[in-house]
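Colleague: Sharing a structure below in structure tokens format, with a few things to ask.
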Amino acid sequence: FWSKVPQGPADPILGVTDAFKRDPSKSKINVGVGAYRDENGKPYVLDSVRKAEDIIHTQQFLSLASKLAYGADSKPLKENRVAVVQSISGTGALRIGMEFCSQFYPGNKTLYLPNPTWGAHPAIADKAGLEVKRYRYFKKETLGLDFDGMKEDLTTAPEGSIILLHACAQNPTGIDLTQAQWRELSDLVKSKRHLAFFDMAYQGFASGDVDRDAFALRYFVEQGHEIMLCQSFAKNLGLYGERAGTFSMVTASPEEKERVLSQLKRVIRPLYSSPPLHPAQLVATILGSPALYTEWLGEVKKMADRIIAMRARLYDILLELQTPGNWDHIKSQIGMFSFTGLTPEQVAALAEYAHIYMTTDGRISMAGLNEHNIRYFAESMSKAIKG
Ligand code: PMP
């Protein structure tokens, strides 16, 4: 088709640059093109443009991250009354939220933590100046949830206390409330005028479905609770070192949101001044690109399913080896961790005789097990139990 198309002449301006590039002289100067160059002859990216880019990325990140947590149809998000800031992963979010409560919460400045909870919670609360108390969560006898104890403790807590709730895949027990129990708890928290402070470090890891894992949070929001939320991307995106996260709170109005935001920024200023850009860009790019988002959802499911499969394998082998005790909890527990019920002595024996390491409370990270090591692990565990 195109064999007769003649070669066009060089562009009168761009041709100048071509000639300049070809010239090997050290003293060459190009004054042919009207693009600004700085003192060193380099192209100049204006600082204002760089700052605008940073703002775009940060805003996209905050908006996409909140949608992931609260759901695209979330009423307070649509009504522009969720105050959200970028945090240094989940830990940083907890610190911001607790500092904010310590300064501004008008109720009882006591934080109720589940017993047991993630080890860093009490220290973060303490540094932020909140008093810490516990509510019952785990029942040793059944290796399950002590829902009655939990309700009793949250009922006797002074009205308007701050209640920390693991949104899903409770760490360390791997035991979550059922949806019916969350509904009941929402009524209790409302009637006691408590503040629900959600820690969501494992969205997607419990069921493999990010929407399902956000049930508790979204239900509380639907019920009109003005909740707080700490969101981490460390686990569900595998971004442990990037420190990507958000802290957010549902407020009563866009105007209240602005006031709250101004104070959140004042909490952040002396802590880390402004958030890192790269994690925000990474997360915003994944959540904002339909193809990458779909791929990511698939990967979250794959990670969660592998963990669920390992639970089933461990359970089966423990039964096959006729290990004394009931092991249903291995399969019914949720998320990254399992609270095995191993005693500190059995944990020590596993380390000494089998080179298997776990925290002394008998918590195991299911993610550390795989087809290659599960049998050795189960056999060693069974031996330790049989004594
Ligand atoms: N909350 C809980 C319950 C956790 O288990 C973790 C991580 N172990 C975090 C918050 C915070 O993790 P990160 O700061 O790495 O996001």
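Going by the structure tokens order, chains are called A, B, ..., each with residues numbered from 1, while ligands are numbered from 1 in the order shown.
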Show me which residues line ligand 1, defined as having an atom within 6 Å of a ligand atom where only C-alpha atoms and all ligand atoms count, and present them as a list of chain:residue names.
Modeller: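 Final answer, ordered by chain and number: A:Ser89, A:Gly90, A:Thr91, A:Trp118, A:Asn171, A:Asp199, A:Ala201, A:Ser232, A:Ala234, A:Tyr240.
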Colleague: Using 10 Å as the limit and counting only C-alpha atoms, can you tabulate each residue of stretch 189-219 of chain A that touches stretch 94-110 of chain A, with its shortest atom-to-atom distance in Å and the two atoms involved, as JSON lines?
Modeller:
{"residue": "A:Arg193", "atom": "CA", "partner": "A:Gly107", "partner_atom": "CA", "distance": 9.0}
{"residue": "A:His194", "atom": "CA", "partner": "A:Gly107", "partner_atom": "CA", "distance": 8.4}
{"residue": "A:Leu195", "atom": "CA", "partner": "A:Gly107", "partner_atom": "CA", "distance": 8.6}
{"residue": "A:Phe197", "atom": "CA", "partner": "A:Gly97", "partner_atom": "CA", "distance": 8.5}
{"residue": "A:Phe198", "atom": "CA", "partner": "A:Leu94", "partner_atom": "CA", "distance": 9.3}
{"residue": "A:Asp199", "atom": "CA", "partner": "A:Leu94", "partner_atom": "CA", "distance": 7.6}
Colleague: Take the residues from that selection and write them out as an mmCIF file, in the first residue's frame, keeping C-alpha atoms.
Modeller:
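Now in again34.cif:
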data_model
loop_
_atom_site.group_PDB
_atom_site.id
_atom_site.type_symbol
_atom_site.label_atom_id
_atom_site.label_comp_id
_atom_site.auth_asym_id
_atom_site.auth_seq_id
_atom_site.Cartn_x
_atom_site.Cartn_y
_atom_site.Cartn_z
ATOM 1 C CA ARG A 193 -23.562 4.893 74.122
ATOM 2 C CA HIS A 194 -20.142 3.276 73.732
ATOM 3 C CA LEU A 195 -17.781 4.299 70.934
ATOM 4 C CA PHE A 197 -13.326 1.541 67.609
ATOM 5 C CA PHE A 198 -12.672 -0.965 64.799
ATOM 6 C CA ASP A 199 -9.287 -2.445 64.024
#
Colleague: Leaving out A:Ala180 and any residue of its chain fewer than 4 positions from it, which residues lie within 12 Å of it when counting only C-alpha atoms, given as JSON, numbers by chain?
Modeller: {"A": [147, 176, 184, 185, 186, 187, 215, 216, 219]}
Colleague: DSSP on the backbone: which residues in stretch 33-224 of chain A end up as alpha helix (DSSP H)? Give the answer as a ChimeraX atom specification.
Modeller: /A:47-70,75-78,89-104,120-128,147-156,179-191,210-213,215-222
Colleague: Can you work out the spacing between atom CA of A:Thr294 and atom CA of A:Ala69 in Å, to one decimal?
Modeller: 16.1 Å
Colleague: Near A:Ala351, within 12 Å and counting only C-alpha atoms, which residues show up once chain neighbours fewer than 4 positions away are dropped, as a count of residues only?
Modeller: 15
